[in-house]
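A quick write-up on the structure given underneath.
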Amino acid sequence: MICVFDRKQDYFDLAVRYKSLFLYFLLKDFEDNWCSPPKGVLTQLWINLLAEILATHFELRIAAQILLVDLLTQLHSEMDSFPTLHDVSKRLYKIAYIEKSFNKEMAIRLKFRIDGLLTVLGSATSSKRQVSWQKLIDANWAISLAGLSSSVQSLCVTIYFAKILLYRICNNLRTTKLESFIVLDEASQLFPKTSSKKISLLLDYFQQARAFGIGVIFGSQTMNLAPEIFGNTATKILVGGFGHGSDYEEFGSA
């Protein structure tokens with residue numbers, strides 16, 4: 001499997017030319033329910049991880065993460081299918097403005113951030129249709145993240161990478177062979193040297209990926225990359241040069 005997170009639609013023409021070998025998704029067509037775990041992944045495990053990812057992205061306290069876990073767990077027990085972020089937003093409204101619970105302020109902040117995310121991503125996060133991750137694991141595909149801010153692009157990469165990784169972990173697909181490649185171009189925009197906690201969570205996933213046959217290819221035009229990227233990269237290739245003498249020294253010592 002080759003999976004490309006295409007930040008600027010640079011791979012679109014390539015995908016069209018080799019469409020029999022390569023699937024290309026625009027984000028609006030990649031309808032996924034972020035609250036739904038991949039096949040073989042325990043629901044509560046995914047709920048806990050999703051809540052951590054979202055709370056980290058929203059830069060909210062641990063209380064928001066706990067509230068999100070409780071809401072997702074409760075909604076899942078009440079519904080015949082997995083809840084969506086739209087369902088979470090509706091329940092947060094009830095908590096904040098109808099029930100007047102002690103979680104009111106946290107519910108308002110969490111709802112505000114989720115609603116903002118839904119405005120930007122829409123059905124890409126909250127579709128009732130579930131993406132077949134077990135099929136995508138065996139396919140070559142790319143998803144366009146063009147037009148999104150670097151922060152939202154990073155969140156999308158974190159969610160989708162977590163689903164791929166957890167699918168392989170929970171289905172016991174540990175292997176010493178590289179069976180999947182994740183391609184991240186313009187990586188310096190997602191993983192700058194001054195990386196935040198948001199990025200460190202994704203870097204943790206990258207460090208676990210190798211044991212389950214997942215390799216990551218980072219492309220960048222600058223050396224403005226988090227040191228963890230170089231520390232966990234076995235093969236480094238310099239093509240053309242970066243343009244700054246200090247960059248060559250840094251690359252040579254990485």
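Residues in the structure tokens are numbered from 1 in each chain, the chains being A, B, ... in the order shown, and ligands are numbered from 1 in the order shown.
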>> List as a list in words the protein and nucleic acid residues near Ser89 in chain A, meaning an atom at most 8 Å away when only C-alpha atoms are counted, but skip any in the same chain fewer than 5 places from it.
In response: Lys111, Ile114 and Asp115 of chain A
Next, the residues of the selection above should be written as a CSV table (one decimal), in the first residue's frame with all heavy atoms.
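What ended up in result_30.csv:
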chain,number,residue,atom,x,y,z
A,111,LYS,N,-18.0,22.4,22.2
A,111,LYS,CA,-18.9,22.5,21.1
A,111,LYS,C,-18.5,23.5,20.0
A,111,LYS,O,-18.6,23.3,18.8
A,111,LYS,CB,-20.3,22.9,21.6
A,111,LYS,CG,-21.3,23.1,20.5
A,111,LYS,CD,-22.7,23.4,21.0
A,111,LYS,CE,-23.6,23.9,19.9
A,111,LYS,NZ,-23.7,23.1,18.7
A,114,ILE,N,-15.7,21.9,18.0
A,114,ILE,CA,-16.2,20.9,17.1
A,114,ILE,C,-17.0,21.4,15.9
A,114,ILE,O,-16.9,21.0,14.8
A,114,ILE,CB,-17.0,19.8,17.9
A,114,ILE,CG1,-16.1,19.0,18.8
A,114,ILE,CG2,-17.8,18.9,17.0
A,114,ILE,CD1,-16.8,18.0,19.6
A,115,ASP,N,-17.8,22.4,16.2
A,115,ASP,CA,-18.6,23.1,15.2
A,115,ASP,C,-17.7,23.7,14.2
A,115,ASP,O,-18.0,23.7,13.0
A,115,ASP,CB,-19.6,24.1,15.8
A,115,ASP,CG,-20.7,23.5,16.6
A,115,ASP,OD1,-20.9,22.2,16.4
A,115,ASP,OD2,-21.5,24.2,17.3
What's the 9 Å shell around Leu190 in chain A, counting only C-alpha atoms, without same-chain residues fewer than 3 positions away, as a short mmCIF file (atom, residue, chain, number, x, y, z; two decimals) with all heavy atoms, in the first residue's frame?
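Generated output (around_12.cif):
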data_model
loop_
_atom_site.label_atom_id
_atom_site.label_comp_id
_atom_site.auth_asym_id
_atom_site.auth_seq_id
_atom_site.Cartn_x
_atom_site.Cartn_y
_atom_site.Cartn_z
N SER A 150 -2.63 24.32 7.91
CA SER A 150 -1.66 23.30 8.33
C SER A 150 -2.13 22.56 9.58
O SER A 150 -1.92 21.35 9.72
CB SER A 150 -0.29 23.95 8.59
OG SER A 150 0.27 24.45 7.40
N SER A 151 -2.79 23.28 10.48
CA SER A 151 -3.27 22.67 11.71
C SER A 151 -4.34 21.61 11.43
O SER A 151 -4.30 20.51 11.99
CB SER A 151 -3.84 23.75 12.64
OG SER A 151 -4.38 23.18 13.81
N GLN A 153 -4.84 20.13 8.49
CA GLN A 153 -4.18 19.06 7.74
C GLN A 153 -3.51 18.08 8.69
O GLN A 153 -3.60 16.86 8.52
CB GLN A 153 -3.15 19.65 6.77
CG GLN A 153 -3.76 20.34 5.57
CD GLN A 153 -2.70 20.87 4.62
OE1 GLN A 153 -1.52 20.95 4.95
NE2 GLN A 153 -3.11 21.24 3.41
N SER A 154 -2.82 18.62 9.68
CA SER A 154 -2.15 17.77 10.66
C SER A 154 -3.14 16.90 11.41
O SER A 154 -2.89 15.72 11.68
CB SER A 154 -1.36 18.64 11.64
OG SER A 154 -0.78 17.85 12.66
N LEU A 184 4.33 11.94 2.92
CA LEU A 184 4.00 13.28 3.40
C LEU A 184 4.93 14.29 2.74
O LEU A 184 6.11 14.39 3.10
CB LEU A 184 4.14 13.36 4.92
CG LEU A 184 3.05 12.66 5.74
CD1 LEU A 184 3.49 12.52 7.18
CD2 LEU A 184 1.75 13.43 5.66
N GLU A 186 6.02 18.27 1.63
CA GLU A 186 6.02 19.54 2.35
C GLU A 186 5.93 19.30 3.86
O GLU A 186 5.18 19.97 4.58
CB GLU A 186 4.86 20.43 1.89
CG GLU A 186 4.86 20.74 0.41
CD GLU A 186 5.95 21.72 0.01
OE1 GLU A 186 6.53 22.37 0.91
OE2 GLU A 186 6.24 21.84 -1.20
N ALA A 187 6.70 18.33 4.33
CA ALA A 187 6.59 17.91 5.73
C ALA A 187 6.99 19.01 6.71
O ALA A 187 6.56 19.00 7.87
CB ALA A 187 7.46 16.67 5.96
N SER A 195 7.88 22.20 17.04
CA SER A 195 6.66 21.40 17.04
C SER A 195 5.93 21.53 18.37
O SER A 195 6.54 21.60 19.44
CB SER A 195 6.99 19.92 16.78
OG SER A 195 7.50 19.76 15.48
N ILE A 199 1.72 17.94 17.40
CA ILE A 199 2.56 17.18 16.49
C ILE A 199 3.23 16.01 17.19
O ILE A 199 3.43 14.95 16.60
CB ILE A 199 3.64 18.10 15.86
CG1 ILE A 199 2.97 19.30 15.18
CG2 ILE A 199 4.47 17.34 14.86
CD1 ILE A 199 1.96 18.93 14.13
N LEU A 225 12.68 20.96 10.07
CA LEU A 225 11.94 19.76 10.45
C LEU A 225 12.21 19.42 11.90
O LEU A 225 13.33 19.60 12.40
CB LEU A 225 12.34 18.58 9.56
CG LEU A 225 11.79 18.55 8.13
CD1 LEU A 225 12.53 17.50 7.32
CD2 LEU A 225 10.30 18.25 8.15
#
> Between A:Leu201, A:Leu60, A:Ala209, A:Ala55, which has the minimum distance to Lys177 in chain A (counting only C-alpha atoms)?
Replying inline: A:Ala209
> Taking the backbone alone, and naming residues the way the document does, which bits of range 23-130 of chain A are alpha helix (DSSP H) by DSSP, as a ChimeraX atom specification?
Replying inline: /A:43-58,62-78,85-93,104-121,123-126
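When the distance limit is 10 Å and only C-alpha atoms are what count, the residues near Leu92 in chain A, minus those fewer than 4 positions from it on the same chain, are Leu67, Leu68, Leu71, His86, Asp87, Val88, Ala96, Tyr97, Ile98, Glu99, Asn103, Lys104, Met106, Ala107, Ile108, Arg109, Leu110, Lys111, Phe112 and Ile114 of chain A.
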Just want the 9 Å neighbourhood of Gly147 in chain A, counted on only C-alpha atoms, with same-chain residues fewer than 2 positions away dropped. Output as a PDB file with N, CA, C and O atoms, in the first residue's frame.
ATOM      1  N   ARG A   7      -0.970  17.585   0.177  1.00  0.00           N
ATOM      2  CA  ARG A   7      -1.268  18.885   0.773  1.00  0.00           C
ATOM      3  C   ARG A   7      -1.627  19.945  -0.261  1.00  0.00           C
ATOM      4  O   ARG A   7      -2.299  20.919   0.056  1.00  0.00           O
ATOM      5  N   LYS A   8      -1.164  19.778  -1.519  1.00  0.00           N
ATOM      6  CA  LYS A   8      -1.397  20.824  -2.527  1.00  0.00           C
ATOM      7  C   LYS A   8      -1.899  20.258  -3.854  1.00  0.00           C
ATOM      8  O   LYS A   8      -1.775  20.903  -4.890  1.00  0.00           O
ATOM      9  N   SER A 144      -6.590  14.389  -1.007  1.00  0.00           N
ATOM     10  CA  SER A 144      -6.204  15.791  -1.117  1.00  0.00           C
ATOM     11  C   SER A 144      -6.606  16.554   0.139  1.00  0.00           C
ATOM     12  O   SER A 144      -7.764  16.526   0.556  1.00  0.00           O
ATOM     13  N   LEU A 145      -5.631  17.236   0.728  1.00  0.00           N
ATOM     14  CA  LEU A 145      -5.881  18.104   1.879  1.00  0.00           C
ATOM     15  C   LEU A 145      -5.707  19.570   1.487  1.00  0.00           C
ATOM     16  O   LEU A 145      -5.573  20.439   2.351  1.00  0.00           O
ATOM     17  N   SER A 149      -5.943  24.560   6.478  1.00  0.00           N
ATOM     18  CA  SER A 149      -4.815  25.110   7.225  1.00  0.00           C
ATOM     19  C   SER A 149      -3.876  23.978   7.626  1.00  0.00           C
ATOM     20  O   SER A 149      -4.277  22.804   7.680  1.00  0.00           O
TER      21      SER A 149
END
> For Leu27 in chain A, which residue out of A:Thr176, A:Gln207, A:Ser123, A:Thr222 is the nearest one, using only C-alpha atoms?
Replying inline: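 Counting only C-alpha atoms, the residue closest to Leu27 in chain A is A:Ser123.
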Hey, could you make a per-residue contact list for range 71-126 of chain A against range 46-49 of chain A with 12 Å as the cut-off, showing the nearest pair of atoms and its distance in Å to one decimal, counting only C-alpha atoms, sorted by chain and number, as a Markdown table?
| residue | atom | partner | partner_atom | distance |
| --- | --- | --- | --- | --- |
| A:Leu71 | CA | A:Ile47 | CA | 9.7 |
| A:Leu72 | CA | A:Ile47 | CA | 6.7 |
| A:Thr73 | CA | A:Ile47 | CA | 7.3 |
| A:Gln74 | CA | A:Ile47 | CA | 10.9 |
| A:Leu75 | CA | A:Ile47 | CA | 11.1 |
| A:His76 | CA | A:Ile47 | CA | 9.8 |
| A:Phe82 | CA | A:Ile47 | CA | 10.5 |
| A:Pro83 | CA | A:Ile47 | CA | 10.7 |
| A:Thr84 | CA | A:Ile47 | CA | 11.5 |
| A:Leu85 | CA | A:Ile47 | CA | 11.9 |
> Of the candidates A:Ala211, A:Met79, A:Cys156, A:Ile137, which one gets nearest to Val120 in chain A if we count only C-alpha atoms?
Replying inline: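 Of A:Ala211, A:Met79, A:Cys156, A:Ile137, the one nearest Val120 in chain A is A:Cys156, counting only C-alpha atoms.
Straight-line separation from CA of Phe191 in chain A to CA of Asn224 in chain A: 8.0 Å.
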>> Give me, as number ranges by chain, all polymer residues having an atom no more than 9 Å from Phe161 in chain A, counting only C-alpha atoms and skipping those fewer than 5 positions away in the same chain.
In response: A: 156, 166, 182, 202, 205-206
>> For a quick check of understanding, using only C-alpha atoms, which of A:Ala51, A:Leu23, A:Ile66, A:Ile237 has the smallest distance to Met1 in chain A?
In response: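 When distances to Met1 in chain A are compared using only C-alpha atoms, the smallest one comes from A:Leu23.
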> Out of A:Phe181, A:Phe30, A:Phe230, A:Gln65, which residue has the shortest atom-to-atom distance to Leu203 in chain A when counting only C-alpha atoms?
Replying inline: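 Of A:Phe181, A:Phe30, A:Phe230, A:Gln65, the one nearest Leu203 in chain A is A:Phe230, counting only C-alpha atoms.
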> How many Å lie between CA of Cys170 in chain A and CA of Lys135 in chain A, rounded to one decimal?
Replying inline: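 Going from CA of Cys170 in chain A over to CA of Lys135 in chain A covers 15.6 Å.
Proximity of A:Arg210, A:Arg17, A:Arg168, A:Arg113 to Ala64 in chain A, computed with only C-alpha atoms, is greatest for A:Arg113.
Scanning range 42-181 of chain A with DSSP on the backbone, the strand (DSSP E) assignments fall on Trp141, Ala142, Ile143, Ser144, Thr175, Thr176, Lys177, Leu178, Glu179, Ser180 and Phe181 of chain A.
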> Neighbours of Thr194 in chain A within 12 Å (only C-alpha atoms; same-chain residues fewer than 6 positions away dropped), as a list in words?
Replying inline: Ser188, Ser200, Asn224, Leu225, Ala226, Pro227 and Glu228 of chain A
